[in-house]
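Undergrad: Here's a structure for you.
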Amino acid sequence: MAEVPARRAPPPPPSTATRVAAVWRRHARVYADSFVANATPAVLEPLFLLLAVGVGVGRYIDAEFNGLPYREFMAAGILGMTAVYTAAFESTHATFVRMRYQRAYDSMLNSPLTTRDVFVGEILWCASKGLFYTAIVATVLAVAGAISSPWALLAPVAGFVTALAFAGLGFLFTSFVTNITQFQFFFTAGLTPMVFFSGLMFPVQELPHGLREVAYATPMFHVIETFRLLVSGPSHASVPWAWACPFVVVALAVAFAAAGVRRMQSRLLR
Amino acid sequence: MVLTADAGFRRDLVRSPENGGVSASAAPPVVVLDGVEKRFGDLVAVGGVSLAIPRGTCYALLGPNGAGKSTLSRIIAGTAPRDGGSVSVFGMDPWREQVRVKTRLGVVAQEDGLDEELDVQHNLHVYGGFFGLRGPELHARAAALLAFMELGGREATRVVALSGGMRRRLAIARGLLNDPELLILDEPTTGLDPQVRHAIWAVLRRLRGEGLTILLTTHYMEEAAQLADVVGVLHRGRLVASDAPDALVRAHLPSHVVETEAQDVAAAPPEGAIAERYGDRLFVFHDDQETLLRWAARHASGRTLARATSLEDVFLKLTGKALDG
């Protein structure tokens, strides 16, 4: 049997920032180990959408949307969708599997981590993934000629904030879930209509009264308008008050993230 | 003045020749529980447990599944709140001062809780990060612990590819990563082969020999007898007895026992014996082995076993319930 390592003085308790960063690094390490399998679908899906609808269907569309060719009009929505789906998946299925099947949080809590460290670290990881994927998709969109404004360099930041908001929403939903099949509801009834009817496929201001206001009320509309400000500029906004959308997204991110983390904390404590 | 005199008196007491200078028992206990309670709805999981674990000793919480062992160890480890009583670990409340307490603890959970998404060495490196450990110091310590637990050469193996015994050894290595002052093991050898179990016991005895304080929960009587300085018998959330394993046996039952089939015995047990009946088995205890064997030769029939009294018998007597039941 080998030698037992010598005893040292007790280490000082790690700071909150150290603990949260360690959680973030755990996710980054797992992610790095299977980078290709993880990143490929997340990046390919928006690109398929751009090719099939933006380029494929767009060829038959002569009209301009918000003063943009269809392909360019779709760019903002595709970026929004990328950030939203990245965060939503990571904070629902992946979180639930870690909690229920891998019991990963139980052993994290046996270390100096608190429940808050665990979920703050995790939501920051979701947001970081949002940033990363948005950057990749924005690069491809720029190469495809769907982006015209230099402000698009800020798109990854919008991706970070958007992902924070939707990871918060995902946590809120996950905290009530008892069976993994219930996530179907979150995606099919929650996210999919938001993605299709909040300004990705067509300008929402052309919806009839009533429906239009519903679309304006969704978080997704504000996300897509924020990306549109960045990638196409304010002259192509859907509504005159589009300038307010980035502020709404930031406010939602703060509110949803705080509420989601708090709910998951109480879910984890028995 | 009074305080100084008092402290001086205590120091004198500690250094007195009777106990050979400053002994382990002179230091404040690492763990002190006083009237700890925990309820889940109407179910009382822990109903007023008080105990103390001196530095450098091994305490075993012995009890069947559902006795409250895991709940109690989680309360001590700072991962579960309690509903009543007080808990002190290193002189701190482990629930209110979670981070400080947990920085100095090692915990090996029942389901080993290894990170199945990581390989062997990253299980240690990532976990070390949770303690604020990083860089070459962490990597060197992880490598030394893998060697200590005989997992050298497995660094890049994924956790799912490890055998049950290797997984448990890795979980123990991970529990030792922060050089803890208290190691808490929840059912450390449940579900393992006998050889693996003995290997893990050897490791734990060695750690204990180096002065590590250990708290373990188990439903294996032999595990408690092999490792523990003090065994606490937990029954329905209450500590029904606690003492050194031998003392526990001596205090509650005579030293020898004959087990036989109850329906075959009509005769009265020998004088001075204690007879206990559990199901269809009759247990006759006596301090004199000869008397017991003579009685057994005359009266017992069917499947009969003469042996030394064990913790298992004490457990049966105290709780009326078999340990594995």
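FYI, nothing fancy with the structure tokens labels: chains A, B, ... in order, residues from 1 per chain, ligands from 1 as they appear.
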Which residues come within 12 Å of Gly129 (chain B), counting only C-alpha atoms, excluding same-chain residues fewer than 5 positions away, as a PyMOL selection string?
TA: (chain A and resi 13-15+17-26+29+108+111-113) or (chain B and resi 103+122-124+134-135+137-139+142+174+177-178)
Undergrad: Going by DSSP on the backbone, which residues of region 11-256 of chain A come out as alpha helix (DSSP H)? List them as a VMD selection string.
TA: chain A and resid 16 to 33 35 to 49 70 to 91 93 to 96 104 to 109 115 to 143 155 to 174 183 to 185 192 to 196 211 to 217 219 to 231 245 to 256
Undergrad: Write out as a list of chain:residue names the residues lying within 8 Å of Glu155 (chain B), counting only C-alpha atoms and excluding same-chain residues fewer than 4 positions away.
TA: B:Asp119, B:Val120, B:Gln121, B:Leu151
Undergrad: Define the interface residues of chain B facing chain A as those within 7 Å, counting only C-alpha atoms, and report them as a list in words.
TA: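 My answer is Thr79, Gln98, Val99, Arg100, Lys102, Thr103, Arg104, Val107, Gly113, Asp115, Glu117, Leu118, Val126, Gly129, Phe130, Phe131, Gly132, Arg141, Ala144, Ala147, Phe148 and Asp179 of chain B.
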Undergrad: Excluding same-chain residues fewer than 3 positions from Met149 (chain B), what lies within 7 Å of it counting only C-alpha atoms, as a ChimeraX atom specification?
TA: /B:145-146,169,173
Undergrad: In Å, how far is it from CA of Ile76 (chain B) to CA of Leu192 (chain B)?
TA: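 CA of Leu192 (chain B) lies 25.3 Å from CA of Ile76 (chain B).
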Undergrad: Applying 6 Å and only C-alpha atoms, which residues near region 183-190 of chain B remain after dropping the ones on its own chain fewer than 3 positions away? List them as a ChimeraX atom specification.
TA: /B:106-110,197,214-218
Undergrad: What's around region 216-229 of chain A at 6 Å? Count only C-alpha atoms, leave out sequence neighbours fewer than 4 positions away in its own chain, and write the answer as a VMD selection string.
TA: chain A and resid 76 to 77 80 198 233 to 234 245 to 246
Undergrad: Just want the 12 Å neighbourhood of Ala39 (chain A), counted on only C-alpha atoms, with same-chain residues fewer than 6 positions away dropped. Output as a list of chain:residue names.
TA: A:Tyr31, A:Ala32, A:Asp33, A:Glu45, A:Pro46, A:Thr82, A:Thr86, A:Lys129, A:Gly130, A:Phe132, A:Tyr133, A:Thr134, A:Ile136, A:Val137
Undergrad: Could you write out the selected residues, including C-alpha atoms, as a CSV table (one decimal), in the first residue's frame?
TA:
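Listed below is the output, result_3.csv:
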chain,number,residue,atom,x,y,z
A,31,TYR,CA,-18.6,19.8,-21.9
A,32,ALA,CA,-15.0,19.9,-23.2
A,33,ASP,CA,-14.8,16.1,-22.9
A,45,GLU,CA,-30.3,23.3,-36.1
A,46,PRO,CA,-30.3,27.0,-36.6
A,82,THR,CA,-30.1,29.5,-30.5
A,86,THR,CA,-29.3,26.2,-25.5
A,129,LYS,CA,-23.1,28.3,-23.3
A,130,GLY,CA,-25.7,30.8,-24.7
A,132,PHE,CA,-20.7,30.7,-27.0
A,133,TYR,CA,-23.3,29.2,-29.3
A,134,THR,CA,-24.7,32.7,-30.2
A,136,ILE,CA,-20.7,30.7,-33.5
A,137,VAL,CA,-24.1,31.1,-35.1
